[in-house]
Every structure is written in C-alpha cells, then in structure tokens.
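Shown below: start-v9.cif, with mmCIF, C-alpha atoms.
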data_model
#
loop_
_atom_site.label_atom_id
_atom_site.label_comp_id
_atom_site.auth_asym_id
_atom_site.auth_seq_id
_atom_site.Cartn_x
_atom_site.Cartn_y
_atom_site.Cartn_z
CA MET A 994 0.00 0.00 0.00
CA SER A 995 1.30 3.39 -0.97
CA SER A 996 2.12 6.12 1.56
CA TRP A 997 0.60 9.48 0.72
CA TYR A 998 0.95 13.00 2.07
CA LEU A 999 -0.23 16.53 1.42
CA GLU A 1000 2.21 19.41 1.18
CA GLY A 1001 1.36 23.07 1.37
CA TYR A 1002 1.71 26.36 3.19
CA PHE A 1003 -0.54 25.38 6.09
CA THR A 1004 0.73 27.42 9.05
CA GLY A 1005 1.50 30.92 7.78
CA ASP A 1006 5.24 30.63 8.52
CA GLY A 1007 6.19 30.80 4.84
CA LEU A 1008 7.43 27.19 4.73
CA ILE A 1009 6.09 24.12 2.98
CA HIS A 1010 4.75 21.60 5.50
CA ARG A 1011 3.87 17.96 4.92
CA GLN A 1012 0.92 16.17 6.45
CA PRO A 1013 0.76 12.36 6.09
CA VAL A 1014 -2.57 11.03 4.85
CA GLN A 1015 -2.97 8.05 7.14
CA GLU A 1016 -6.51 7.46 8.36
CA THR A 1017 -9.36 7.01 5.92
CA PRO A 1018 -11.48 8.94 5.41
CA PHE A 1019 -9.01 11.79 5.88
CA VAL A 1020 -11.06 14.91 6.60
CA MET A 1021 -9.75 18.44 5.94
CA GLY A 1022 -11.13 21.76 7.10
CA ARG A 1023 -11.04 24.53 9.74
CA GLU A 1024 -12.29 22.35 12.59
CA ASP A 1025 -9.73 21.25 15.18
CA GLY A 1026 -8.77 17.61 15.38
CA LEU A 1027 -9.19 16.75 11.70
CA GLY A 1028 -6.66 14.92 9.58
CA LEU A 1029 -5.65 18.35 8.26
CA SER A 1030 -6.82 21.43 10.16
CA VAL A 1031 -6.04 24.79 8.55
CA PHE A 1032 -7.40 28.05 9.92
CA ALA A 1033 -8.38 29.84 6.70
CA SER A 1034 -11.56 31.84 6.17
CA ALA A 1035 -12.11 30.31 2.72
CA MET A 1036 -12.23 26.78 4.13
CA SER A 1037 -15.36 25.26 5.62
CA ARG A 1038 -15.27 23.59 9.03
CA ARG A 1039 -15.35 20.18 7.34
CA HIS A 1040 -14.45 21.02 3.76
CA ALA A 1041 -13.45 17.80 1.97
CA GLN A 1042 -12.21 14.29 2.60
CA ILE A 1043 -9.78 11.86 1.01
CA THR A 1044 -10.57 8.15 0.98
CA LEU A 1045 -7.80 5.61 0.44
CA ASN A 1046 -8.34 2.15 -0.99
CA GLY A 1047 -5.03 0.36 -1.56
CA ASP A 1048 -3.06 2.46 -4.05
CA ALA A 1049 -6.16 4.40 -5.13
CA ALA A 1050 -7.33 7.69 -3.63
CA LEU A 1051 -10.54 9.67 -4.00
CA ILE A 1052 -11.31 13.21 -2.87
CA GLU A 1053 -14.86 14.34 -2.13
CA ASP A 1054 -16.22 17.77 -1.32
CA LEU A 1055 -18.32 17.78 1.88
CA GLY A 1056 -20.73 20.53 0.85
CA SER A 1057 -18.21 23.32 1.33
CA LYS A 1058 -19.07 26.95 0.67
CA ASN A 1059 -16.10 27.70 -1.60
CA GLY A 1060 -15.65 24.41 -3.38
CA THR A 1061 -12.94 21.81 -3.92
CA PHE A 1062 -10.75 21.90 -7.02
CA VAL A 1063 -8.45 19.26 -8.51
CA ASN A 1064 -5.92 20.63 -10.98
CA HIS A 1065 -7.96 23.87 -11.12
CA THR A 1066 -11.20 22.04 -11.99
CA LEU A 1067 -14.17 22.28 -9.61
CA ILE A 1068 -15.36 18.81 -8.54
CA ASN A 1069 -18.95 17.85 -7.73
CA THR A 1070 -18.54 14.09 -7.27
CA PRO A 1071 -15.88 11.86 -5.66
CA THR A 1072 -12.83 12.27 -7.90
CA ALA A 1073 -9.70 10.16 -8.29
CA ILE A 1074 -6.48 11.93 -7.36
CA ASN A 1075 -2.96 10.89 -8.22
CA HIS A 1076 0.63 11.70 -7.34
CA GLY A 1077 1.37 15.35 -8.09
CA ASP A 1078 -2.23 16.55 -8.40
CA ILE A 1079 -2.90 20.10 -7.20
CA ILE A 1080 -5.80 20.49 -4.77
CA HIS A 1081 -7.52 23.71 -3.72
CA LEU A 1082 -9.90 23.83 -0.78
CA GLY A 1083 -11.34 27.25 -1.44
CA ASP A 1084 -8.16 29.25 -1.93
CA VAL A 1085 -5.94 26.99 0.20
CA GLU A 1086 -3.53 25.25 -2.15
CA MET A 1087 -1.81 21.92 -1.58
CA ARG A 1088 -0.30 19.08 -3.54
CA PHE A 1089 -1.06 15.36 -3.16
CA MET A 1090 2.16 13.35 -3.19
CA GLN A 1091 3.24 9.74 -2.97
CA ALA A 1092 6.16 9.05 -0.65
CA ASN A 1093 9.47 8.04 -2.27
CA LYS A 1094 8.42 9.46 -5.62
CA SER A 1095 10.54 12.57 -5.14
CA ARG A 1096 12.70 14.34 -2.60
CA ASP A 1097 12.00 13.29 1.00
CA GLU A 1098 12.81 16.66 2.56
CA GLU A 1099 11.68 19.97 1.13
CA GLN A 1100 11.17 23.49 2.27
CA GLY A 1101 10.13 26.39 0.14
CA GLU A 1102 9.13 29.97 0.14
CA SER A 1103 5.78 31.10 1.31
CA THR A 1104 2.06 29.66 -0.14
CA VAL A 1105 -16.83 34.35 -0.56
CA MET A 1106 -16.82 32.10 -3.73
CA PHE A 1107 -13.86 31.15 -5.88
CA THR A 1108 -13.47 30.31 -9.55
CA ALA A 1109 -10.56 28.46 -11.13
CA ASP A 1110 -8.99 31.61 -12.56
CA LYS A 1111 -8.67 33.09 -9.04
CA LEU A 1112 -6.88 30.11 -7.49
CA SER A 1113 -3.27 30.47 -6.45
CA SER A 1114 -0.59 28.59 -8.41
CA LYS A 1115 2.37 28.28 -6.07
CA PHE A 1116 2.58 24.58 -6.91
CA PRO A 1117 3.11 24.10 -10.66
CA TYR A 1118 1.08 21.31 -12.22
CA GLY A 1119 2.84 18.31 -13.72
CA ALA A 1120 4.93 16.48 -11.09
CA LYS A 1121 3.77 13.03 -12.21
CA GLU A 1122 4.11 13.95 -15.87
CA LEU A 1123 7.65 15.23 -15.37
CA GLU A 1124 8.67 12.00 -13.69
CA GLU A 1125 7.34 10.12 -16.72
CA ILE A 1126 9.35 12.40 -19.02
CA ILE A 1127 12.56 11.80 -17.06
CA ASP A 1128 12.01 8.04 -16.74
CA SER A 1129 11.27 7.69 -20.47
CA GLN A 1130 13.97 10.25 -21.40
CA HIS A 1131 11.58 12.28 -23.55
CA ILE A 1132 14.14 15.02 -23.97
CA THR A 1133 15.81 16.37 -27.08
CA THR A 1134 18.38 19.09 -27.75
CA ALA A 1135 18.57 22.26 -29.78
CA PHE A 1136 22.04 23.56 -30.58
CA GLN A 1137 22.91 27.24 -30.96
CA SER A 1138 26.24 28.13 -32.46
CA ILE A 1139 28.78 30.33 -30.69
CA VAL A 1140 30.74 32.32 -33.25
CA TYR A 1141 34.21 33.82 -33.38
CA HIS A 1142 34.63 37.55 -32.77
CA ASP A 1143 34.61 38.36 -36.48
CA ASN A 1144 31.66 36.07 -37.23
CA SER A 1145 33.91 33.97 -39.45
CA GLY A 1146 32.40 30.68 -38.29
CA ALA A 1147 31.28 28.58 -35.35
CA TYR A 1148 33.67 28.26 -32.44
CA GLY A 1149 31.31 25.80 -30.73
CA TYR A 1150 27.70 25.19 -29.75
CA GLU A 1151 25.53 25.45 -26.66
CA SER A 1152 23.35 22.46 -25.81
CA LEU A 1153 19.78 23.56 -25.00
CA GLY A 1154 17.50 20.85 -23.61
CA ARG A 1155 13.86 20.68 -24.69
CA GLY A 1156 10.95 18.45 -23.73
CA THR A 1157 9.36 16.20 -26.36
CA SER A 1158 6.30 14.99 -24.45
CA ASP A 1159 2.79 16.26 -25.05
CA LEU A 1160 2.24 16.12 -21.29
CA LEU A 1161 4.20 19.30 -20.49
CA PRO A 1162 5.64 22.33 -22.34
CA GLN A 1163 8.88 21.93 -24.28
CA SER A 1164 10.44 25.00 -22.67
CA PRO A 1165 13.26 24.18 -20.24
CA GLY A 1166 12.14 27.03 -18.01
CA ALA A 1167 8.69 25.52 -17.57
CA LEU A 1168 10.13 22.03 -17.05
CA PHE A 1169 12.57 23.23 -14.40
CA GLN A 1170 9.81 25.14 -12.61
CA VAL A 1171 8.01 21.83 -12.09
CA ALA A 1172 11.26 19.97 -11.37
CA GLU A 1173 12.35 22.42 -8.67
CA SER A 1174 9.01 22.10 -6.89
CA VAL A 1175 9.44 18.33 -6.43
CA GLY A 1176 13.21 17.99 -6.12
CA LEU A 1177 13.85 16.65 -9.62
CA GLU A 1178 15.93 19.55 -10.95
CA VAL A 1179 19.23 17.66 -10.67
CA ARG A 1180 17.91 14.60 -12.49
CA LEU A 1181 16.44 16.78 -15.23
CA SER A 1182 19.68 18.74 -15.59
CA GLU A 1183 21.74 15.54 -15.85
CA LEU A 1184 19.37 14.11 -18.45
CA MET A 1185 19.47 17.26 -20.59
CA ARG A 1186 23.26 17.37 -20.33
CA ASN A 1187 23.74 13.75 -21.32
CA LYS A 1188 21.24 13.94 -24.16
CA GLY A 1189 23.01 17.00 -25.52
CA VAL A 1190 26.42 15.34 -25.55
CA GLU A 1191 24.93 12.20 -27.10
CA GLN A 1192 23.17 14.07 -29.92
CA ALA A 1193 26.15 16.33 -30.57
CA ALA A 1194 28.33 13.22 -30.99
CA GLU A 1195 25.82 11.75 -33.42
CA LEU A 1196 25.83 14.98 -35.45
CA GLY A 1197 29.63 15.25 -35.36
CA LEU A 1198 29.51 18.88 -34.23
CA LYS A 1199 32.92 20.55 -34.17
CA GLY A 1200 34.29 22.75 -31.43
CA PRO A 1201 33.45 22.73 -27.73
CA LEU A 1202 29.93 21.89 -26.67
CA PHE A 1203 28.74 24.20 -23.87
CA ILE A 1204 26.68 22.10 -21.44
CA ASN A 1205 24.70 23.49 -18.53
CA THR A 1206 24.34 22.80 -14.84
CA HIS A 1207 21.51 23.65 -12.48
CA PRO A 1208 22.58 25.88 -9.55
CA ASN A 1209 21.41 23.24 -7.07
CA GLU A 1210 23.96 20.80 -8.44
CA LEU A 1211 26.63 22.94 -6.78
CA ILE A 1212 25.14 22.08 -3.39
CA ASN A 1213 26.75 18.65 -3.75
CA PRO A 1214 29.84 19.03 -5.96
CA ASP A 1215 30.80 15.37 -5.52
CA GLU A 1216 27.54 14.22 -7.10
CA LEU A 1217 27.97 16.72 -9.93
CA LEU A 1218 31.50 15.48 -10.64
CA ALA A 1219 30.36 11.85 -10.46
CA SER A 1220 27.74 12.65 -13.10
CA ILE A 1221 30.35 14.32 -15.32
CA ARG A 1222 32.72 11.35 -14.91
CA LEU A 1223 30.01 8.97 -16.11
CA MET A 1224 29.36 11.24 -19.08
CA ARG A 1225 33.08 11.31 -19.85
CA GLN A 1226 33.24 7.51 -19.72
CA ARG A 1227 30.42 7.29 -22.25
CA PHE A 1228 31.93 9.95 -24.50
CA PRO A 1229 35.72 9.94 -23.95
CA LYS A 1230 36.41 12.11 -27.00
CA ALA A 1231 33.66 14.69 -26.53
CA ASN A 1232 34.90 18.28 -26.52
CA VAL A 1233 32.78 19.81 -23.75
CA LEU A 1234 32.76 22.96 -21.66
CA LEU A 1235 30.73 22.99 -18.45
CA GLU A 1236 28.72 26.11 -17.64
CA ILE A 1237 28.14 27.13 -14.03
CA HIS A 1238 25.67 29.90 -13.25
CA GLU A 1239 27.33 32.92 -11.70
CA GLN A 1240 24.95 32.99 -8.74
CA ALA A 1241 25.92 29.42 -7.78
CA ILE A 1242 29.58 30.39 -7.44
CA THR A 1243 29.80 31.08 -3.73
CA ASP A 1244 32.49 28.70 -2.47
CA VAL A 1245 35.88 29.54 -3.98
CA GLU A 1246 37.61 26.40 -2.74
CA ALA A 1247 34.82 24.17 -4.04
CA ILE A 1248 34.98 25.82 -7.46
CA LYS A 1249 38.75 25.41 -7.52
CA ALA A 1250 38.36 21.71 -6.75
CA ILE A 1251 35.70 21.32 -9.45
CA LYS A 1252 37.87 23.09 -11.99
CA ALA A 1253 40.87 20.89 -11.16
CA GLU A 1254 38.79 17.72 -11.48
CA LEU A 1255 37.30 18.90 -14.77
CA LYS A 1256 40.78 19.71 -16.07
CA SER A 1257 41.84 16.13 -15.36
CA MET A 1258 38.97 15.05 -17.63
CA ASN A 1259 39.97 17.59 -20.30
CA ILE A 1260 36.83 19.66 -19.70
CA LEU A 1261 36.82 23.46 -19.62
CA ILE A 1262 34.61 25.61 -17.40
CA ALA A 1263 32.55 28.75 -18.04
CA TYR A 1264 30.72 31.11 -15.72
CA ASP A 1265 27.28 31.71 -17.17
CA ASP A 1266 25.08 34.83 -16.95
CA PHE A 1267 27.87 37.00 -15.57
CA GLY A 1268 26.51 40.37 -14.50
CA VAL A 1269 23.17 39.12 -13.13
CA GLY A 1270 22.58 40.40 -9.62
CA GLN A 1271 25.75 40.55 -7.52
CA SER A 1272 28.69 39.83 -9.78
CA ARG A 1273 31.11 37.43 -8.11
CA LEU A 1274 34.29 39.44 -8.64
CA LEU A 1275 36.26 37.83 -5.82
CA GLU A 1276 35.40 34.37 -7.07
CA LEU A 1277 36.21 35.46 -10.61
CA VAL A 1278 39.70 36.49 -9.52
CA GLU A 1279 40.45 33.55 -7.23
CA ALA A 1280 38.79 30.76 -9.24
CA THR A 1281 39.09 31.93 -12.83
CA PRO A 1282 37.00 30.19 -15.49
CA ASP A 1283 38.18 29.48 -19.00
CA VAL A 1284 35.27 31.44 -20.51
CA LEU A 1285 33.12 34.22 -19.04
CA LYS A 1286 29.65 34.63 -20.56
CA PHE A 1287 28.36 38.19 -20.21
CA ASP A 1288 24.62 38.13 -19.53
CA MET A 1289 22.07 39.76 -21.79
CA MET A 1290 21.40 42.35 -19.08
CA LEU A 1291 24.80 43.78 -19.97
CA THR A 1292 24.72 43.32 -23.75
CA GLN A 1293 21.08 43.86 -24.74
CA ASN A 1294 20.62 47.29 -26.34
CA ILE A 1295 24.18 48.18 -25.37
CA HIS A 1296 24.23 50.62 -28.28
CA GLN A 1297 21.62 52.64 -26.36
CA ALA A 1298 23.22 52.23 -22.93
CA GLU A 1299 24.07 55.11 -20.66
CA PRO A 1300 27.81 55.92 -20.64
CA ALA A 1301 28.16 54.61 -17.08
CA LYS A 1302 26.78 51.20 -18.04
CA LEU A 1303 28.97 50.99 -21.11
CA GLU A 1304 32.00 51.86 -19.02
CA LEU A 1305 31.06 49.14 -16.52
CA VAL A 1306 30.95 46.52 -19.26
CA LYS A 1307 34.32 47.70 -20.56
CA GLN A 1308 35.87 47.54 -17.08
CA LEU A 1309 34.53 44.03 -16.44
CA HIS A 1310 35.80 42.94 -19.83
CA ASP A 1311 39.22 44.46 -19.18
CA LEU A 1312 39.39 42.58 -15.85
CA ALA A 1313 38.65 39.31 -17.62
CA ARG A 1314 41.34 40.09 -20.18
CA ARG A 1315 43.94 40.70 -17.44
CA LEU A 1316 42.96 37.36 -15.89
CA GLU A 1317 43.41 35.68 -19.30
CA ILE A 1318 39.76 34.66 -19.46
CA LYS A 1319 38.04 34.36 -22.83
CA THR A 1320 34.87 36.46 -23.06
CA LEU A 1321 31.53 35.75 -24.69
CA ALA A 1322 28.67 38.20 -25.27
CA GLU A 1323 25.30 36.44 -24.94
CA CYS A 1324 21.96 37.17 -26.61
CA VAL A 1325 23.25 39.53 -29.27
CA SER A 1326 20.33 40.00 -31.65
CA GLN A 1327 20.95 43.35 -33.34
CA GLN A 1328 23.74 44.54 -35.60
CA GLU A 1329 24.08 47.70 -33.52
CA GLU A 1330 24.73 45.62 -30.39
CA TYR A 1331 27.37 43.63 -32.23
CA ASP A 1332 29.06 46.80 -33.50
CA VAL A 1333 29.44 48.18 -29.97
CA CYS A 1334 30.53 44.83 -28.53
CA LYS A 1335 33.25 44.59 -31.18
CA THR A 1336 34.74 47.85 -29.91
CA ILE A 1337 34.93 46.29 -26.44
CA GLY A 1338 36.70 43.24 -27.83
CA PHE A 1339 34.71 40.11 -26.96
CA ASP A 1340 36.23 36.84 -28.15
CA TYR A 1341 32.96 35.06 -28.94
CA TYR A 1342 29.31 35.87 -29.58
CA GLN A 1343 26.02 34.07 -29.22
CA GLY A 1344 22.56 35.23 -30.21
CA TYR A 1345 19.88 35.36 -32.86
CA LEU A 1346 21.91 37.76 -34.98
CA PHE A 1347 24.22 34.84 -35.75
CA ASP A 1348 22.16 31.69 -35.35
CA VAL A 1349 18.90 30.36 -33.90
CA PRO A 1350 18.76 27.14 -31.87
CA ARG A 1351 18.48 24.22 -34.28
CA TYR A 1352 17.44 20.62 -33.81
CA ALA A 1353 19.34 17.66 -35.24
CA HIS A 1354 17.22 17.41 -38.39
CA GLU A 1355 17.98 21.06 -39.19
CA PHE A 1356 21.72 20.50 -39.56
#
Let me see whether you can do it: turn the structure in this file into structure tokens.
Amino acid sequence: MSSWYLEGYFTGDGLIHRQPVQETPFVMGREDGLGLSVFASAMSRRHAQITLNGDAALIEDLGSKNGTFVNHTLINTPTAINHGDIIHLGDVEMRFMQANKSRDEEQGESTVMFTADKLSSKFPYGAKELEEIIDSQHITTAFQSIVYHDNSGAYGYESLGRGTSDLLPQSPGALFQVAESVGLEVRLSELMRNKGVEQAAELGLKGPLFINTHPNELINPDELLASIRLMRQRFPKANVLLEIHEQAITDVEAIKAIKAELKSMNILIAYDDFGVGQSRLLELVEATPDVLKFDMMLTQNIHQAEPAKLELVKQLHDLARRLEIKTLAECVSQQEEYDVCKTIGFDYYQGYLFDVPRYAHEF
C-alpha cells in the first residue's frame, strides 16, 4: 500500500509543511482535530475528505461553501487523485504526493466564492508527468552556435535541452519550474546534459559543446562530478565545456576543486550569466574560469546604454582580459549591439543575430 501526504503552506510561517494522509477517510477543514486542520476563512469547518483504498485515492467535497478543485477544476462528485495533483480547498492550495516518488525533505518559500482563474498557483502542475518524461527520457536538444569575434564561423555550440512529451511544455524554463518544486531539478539537468552530448556526438559537431548545470547541483559538488565522470566515460572524445551559473559560485575552494577535477577530464569551465545580480568578482579572480559569458542584461541594447553602463561593461571585460579569461557576449540579436561589442573586444558571440537554436534534423 502506498504512503501518501499533502504538502502546502498550512501554518502561515512561509514554509512548505507535509501532512501524512494516514486514516481514511481523511477529513480536511477549519475544525480542530481533523486529519488536516487549517485556519483559513475560505475553508469550511469540514471542507473535503480523502478516501484511500489500496493504491487508489478519492477526494470528495463535503458541501463546502467555496468548493474543492483538482488541478484547477471544480469537482462535484468523488474524484480520483494521483501523485502530483494540485488540490484547492477554497483558496488553500496543496499538492497530493506519494512518498518516495521525489525528494524526502523539502522546504520552500511562502504559499466568498472562488473560480478556477482566481486560485493560487504556487505549486506548478505536472509532477507526475515530469517523472514520466525523465524516466522515459523524452528530452531532445537544440544547438545554438557560438561564433568567433569576427563572425567567421562557429567556435562551438551550446546544448539547449527541450521536452518532447505532449504532457508538459517543451520549454526548459517551464520544465525546471516543475522539477524544482518536487526535487527533480538535478535529475532533469543531468538528463538534458547527457542527451546533448549524445546528440552532438551523433551529429559530429565541431568545437566545444557548452553544457549546462543547475545551480542546485553545486550544493553537492561530488555528485555533480560523479555525473560528469560517467558522461566522460560514455563519450571519452567529446569536446565539452561545463557552464556554471554565476549565482551558484559562492564557495571559492569548491569551485577550484571542481575546476581541477574537470581539467583532469579535459573539460573546460565557463561562468554563465555574468553580470546578473551581484557579480562574483572575488570568485572570478580567485577561481578563474576558461570562458566568461556576459549576460544579456549587460549586452542587450548596449548601443543605447548610458555611458556609465557601457563603461562598466568595458571595465569588467578588461578585468577578464587581465585574468586571461576568454569572453563571450550572450543574446546579441541586433547589428548595432554587435558593433558596440566589437569595440569592447569580446572573443565570442552568441545570439539570434548569428544563429537560432536548431534541432538535429535542421543540420
């Protein structure tokens, strides 16, 4: 028999709490002593109940004033619920989860008649569907070229993971939003990385392949490196460059150790999205990457930038030059941007001005 629980922002402390669903029926509402008691004006005293029968679960509204919703649909009869389904009791949002399906420990930031368009959406829909995508490896890759400073050809390519299932959007941003809410972001990142290297090898792409990491992978560098070692064993000749998001670079010694280990595997390292938020200048100096990718916040519409901003970009670029770091301007989409960036002296460029992301069949 499966073990189920509800997770949600039940106490007003801004943290996700989990409540095991043990007895059946499991009654939820404002009344004290219920399976789940939440003091919320939109909930009735005895709002709804969940009934368990083996691995099956049903939810039933108990004549509440503000209704019970499953995946943003108002229910009027006992309705089957499954792992990852989003439940609203009035405007109180929660997610129905099966134990051992995803991360065991999780905390997060904080969660009259109601209609579906007024319900909160702090829990993205699609946990079960994402697990199916990962298990079946329904992921593909688009490749966007990175060109030399004079646009004379492709220096390399960035691997950009995309979903291929009809169950969820293809966008990596949407997929990672779901993944982060159920602790699957590392698995999704590893899958996208491995698929990218695999498809690039099949295409015979030349030059380094820029592959991405999720910031949470830096929480456990040993696991990240173990994943990269397995990838290297599968593809011993792959020319790859690992991207680490600038905001994940907080531990200089850890980054140094990662860089040394990657060097032993003949893998370069890049800091991605440099210039977003608090630029990590100390880390940049003490744990220098091979390539520094300047974020679009610095390069977009740079031809219209105030003199102070333009000077900032020049100073950051000059610092990278003195540290012998190659520089890359991201998201360059206009000729005017490129013209200004050329005066600064970037080594490489990436953006729609030069190439759009392309799938394997488009090469």
Pick from A:Ser1057, A:Thr1133, A:Ser1174, A:Gln1163: nearest to Glu1000 (chain A), with all atoms listed in the file counted?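 Once distances to Glu1000 (chain A) are computed over all atoms listed in the file, the minimum belongs to A:Ser1174.
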Care to translate the PyMOL selection byres ((chain A and resi 1170) around 12) into actual residues of this file, as a PyMOL selection string? chain A and resi 1114-1120+1123+1161-1162+1164-1169+1171-1178+1181+1207
Report the residues retrieved by the PyMOL selection byres ((chain A and resi 1135) around 8) from the displayed file, expressed as a list in words. Thr1133, Thr1134, Phe1136, Gln1137, Ser1152, Leu1153, Gly1154, Arg1155, Pro1350, Arg1351, Tyr1352 and Ala1353 of chain A
Output C-alpha atoms of each residue in that selection to a file, as a PDB file, in the frame of the given file.
ATOM      1  CA  THR A1133      15.810  16.370 -27.080  1.00  0.00           C
ATOM      2  CA  THR A1134      18.380  19.090 -27.750  1.00  0.00           C
ATOM      3  CA  PHE A1136      22.040  23.560 -30.580  1.00  0.00           C
ATOM      4  CA  GLN A1137      22.910  27.240 -30.960  1.00  0.00           C
ATOM      5  CA  SER A1152      23.350  22.460 -25.810  1.00  0.00           C
ATOM      6  CA  LEU A1153      19.780  23.560 -25.000  1.00  0.00           C
ATOM      7  CA  GLY A1154      17.500  20.850 -23.610  1.00  0.00           C
ATOM      8  CA  ARG A1155      13.860  20.680 -24.690  1.00  0.00           C
ATOM      9  CA  PRO A1350      18.760  27.140 -31.870  1.00  0.00           C
ATOM     10  CA  ARG A1351      18.480  24.220 -34.280  1.00  0.00           C
ATOM     11  CA  TYR A1352      17.440  20.620 -33.810  1.00  0.00           C
ATOM     12  CA  ALA A1353      19.340  17.660 -35.240  1.00  0.00           C
TER      13      ALA A1353
END
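Compared by their closest atoms to His1131 (chain A), and using all atoms listed in the file, the residues A:Leu1184, A:Ile1080, A:Leu1321, A:Met1090 rank with A:Leu1184 nearest.
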I want to know what sits within 6 Å of region 1139-1144 of chain A, based on all atoms listed in the file, with residues of the same chain fewer than 6 positions away left out; could you give that as a CSV table (one decimal) with C-alpha atoms, in the coordinates of the input?
chain,number,residue,atom,x,y,z
A,1150,TYR,CA,27.7,25.2,-29.8
A,1340,ASP,CA,36.2,36.8,-28.2
A,1341,TYR,CA,33.0,35.1,-28.9
A,1342,TYR,CA,29.3,35.9,-29.6
A,1343,GLN,CA,26.0,34.1,-29.2
In Å, rounded to a single decimal, give me how far CA of Leu1067 (chain A) is from CA of Asp1048 (chain A). 23.4 Å
CA of Ile1127 (chain A) and CA of Ser1158 (chain A), how far apart in Å?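 Pair CA of Ser1158 (chain A) / CA of Ile1127 (chain A) returns 10.2 Å.
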Would you list the contacts of region 1240-1248 of chain A as a PyMOL selection string, taking every protein, DNA or RNA residue within 12 Å and counting all atoms listed in the file, but skipping same-chain residues closer than 5 positions in sequence? chain A and resi 1206-1215+1217-1218+1253-1255+1262-1282+1288
Please write the residues picked by the PyMOL selection byres ((chain A and resi 1040) around 12) on this file as a compact mmCIF listing (two decimals) with C-alpha atoms, keeping the file's coordinate frame.
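Below is the file that was written, part-v1.txt:
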# COMPACT_ATOMS: atom_id res chain seq x y z
CA PHE A 1019 -9.01 11.79 5.88
CA VAL A 1020 -11.06 14.91 6.60
CA MET A 1021 -9.75 18.44 5.94
CA GLY A 1022 -11.13 21.76 7.10
CA ARG A 1023 -11.04 24.53 9.74
CA GLU A 1024 -12.29 22.35 12.59
CA LEU A 1027 -9.19 16.75 11.70
CA GLY A 1028 -6.66 14.92 9.58
CA LEU A 1029 -5.65 18.35 8.26
CA SER A 1030 -6.82 21.43 10.16
CA VAL A 1031 -6.04 24.79 8.55
CA PHE A 1032 -7.40 28.05 9.92
CA ALA A 1033 -8.38 29.84 6.70
CA SER A 1034 -11.56 31.84 6.17
CA ALA A 1035 -12.11 30.31 2.72
CA MET A 1036 -12.23 26.78 4.13
CA SER A 1037 -15.36 25.26 5.62
CA ARG A 1038 -15.27 23.59 9.03
CA ARG A 1039 -15.35 20.18 7.34
CA ALA A 1041 -13.45 17.80 1.97
CA GLN A 1042 -12.21 14.29 2.60
CA ILE A 1043 -9.78 11.86 1.01
CA ILE A 1052 -11.31 13.21 -2.87
CA GLU A 1053 -14.86 14.34 -2.13
CA ASP A 1054 -16.22 17.77 -1.32
CA LEU A 1055 -18.32 17.78 1.88
CA GLY A 1056 -20.73 20.53 0.85
CA SER A 1057 -18.21 23.32 1.33
CA LYS A 1058 -19.07 26.95 0.67
CA ASN A 1059 -16.10 27.70 -1.60
CA GLY A 1060 -15.65 24.41 -3.38
CA THR A 1061 -12.94 21.81 -3.92
CA PHE A 1062 -10.75 21.90 -7.02
CA HIS A 1081 -7.52 23.71 -3.72
CA LEU A 1082 -9.90 23.83 -0.78
CA GLY A 1083 -11.34 27.25 -1.44
CA ASP A 1084 -8.16 29.25 -1.93
CA VAL A 1085 -5.94 26.99 0.20
As a check of understanding: the span from CA of Leu1316 (chain A) to CA of Arg1222 (chain A) is 28.0 Å
Residues at most 7 Å from Ile1079 (chain A), counting all atoms listed in the file, excluding those fewer than 5 positions away in the same chain, as a list in words?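 Neighbouring residues, sequence-local ones excluded: Val1063, Asn1064, Met1087, Arg1088, Phe1089 and Tyr1118 of chain A.
Take the candidates A:Ala1250, A:Ser1257, A:Thr1157, A:Ala1193 and check each one against Ala1231 (chain A) using all atoms listed in the file; the shortest distance goes to A:Ala1193.
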Residue nearest Asp1332 (chain A) among A:Lys1307, A:Phe1356, A:Asp1283, A:His1296 (counting all atoms listed in the file):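 Answer, going by the shortest atom-to-atom distance: A:His1296.
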Would you pick out the contacts of Ala1298 (chain A) at 12 Å or less, using all atoms listed in the file, so that residues sharing its chain but fewer than 6 positions from it are not included, and give the list as a ChimeraX atom specification? /A:1290-1292,1304-1306,1329-1330,1333-1334
Residue selection dump (C-alpha atoms) as a PDB file, keeping the file's coordinate frame:
ATOM      1  CA  MET A1290      21.400  42.350 -19.080  1.00  0.00           C
ATOM      2  CA  LEU A1291      24.800  43.780 -19.970  1.00  0.00           C
ATOM      3  CA  THR A1292      24.720  43.320 -23.750  1.00  0.00           C
ATOM      4  CA  GLU A1304      32.000  51.860 -19.020  1.00  0.00           C
ATOM      5  CA  LEU A1305      31.060  49.140 -16.520  1.00  0.00           C
ATOM      6  CA  VAL A1306      30.950  46.520 -19.260  1.00  0.00           C
ATOM      7  CA  GLU A1329      24.080  47.700 -33.520  1.00  0.00           C
ATOM      8  CA  GLU A1330      24.730  45.620 -30.390  1.00  0.00           C
ATOM      9  CA  VAL A1333      29.440  48.180 -29.970  1.00  0.00           C
ATOM     10  CA  CYS A1334      30.530  44.830 -28.530  1.00  0.00           C
TER      11      CYS A1334
END
When you count all atoms listed in the file, which of these residues is closest to Ile1251 (chain A): A:Ala1050, A:Ile1295, A:Ile1237, A:Leu1312?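 Smallest distance to Ile1251 (chain A) is found for A:Ile1237.
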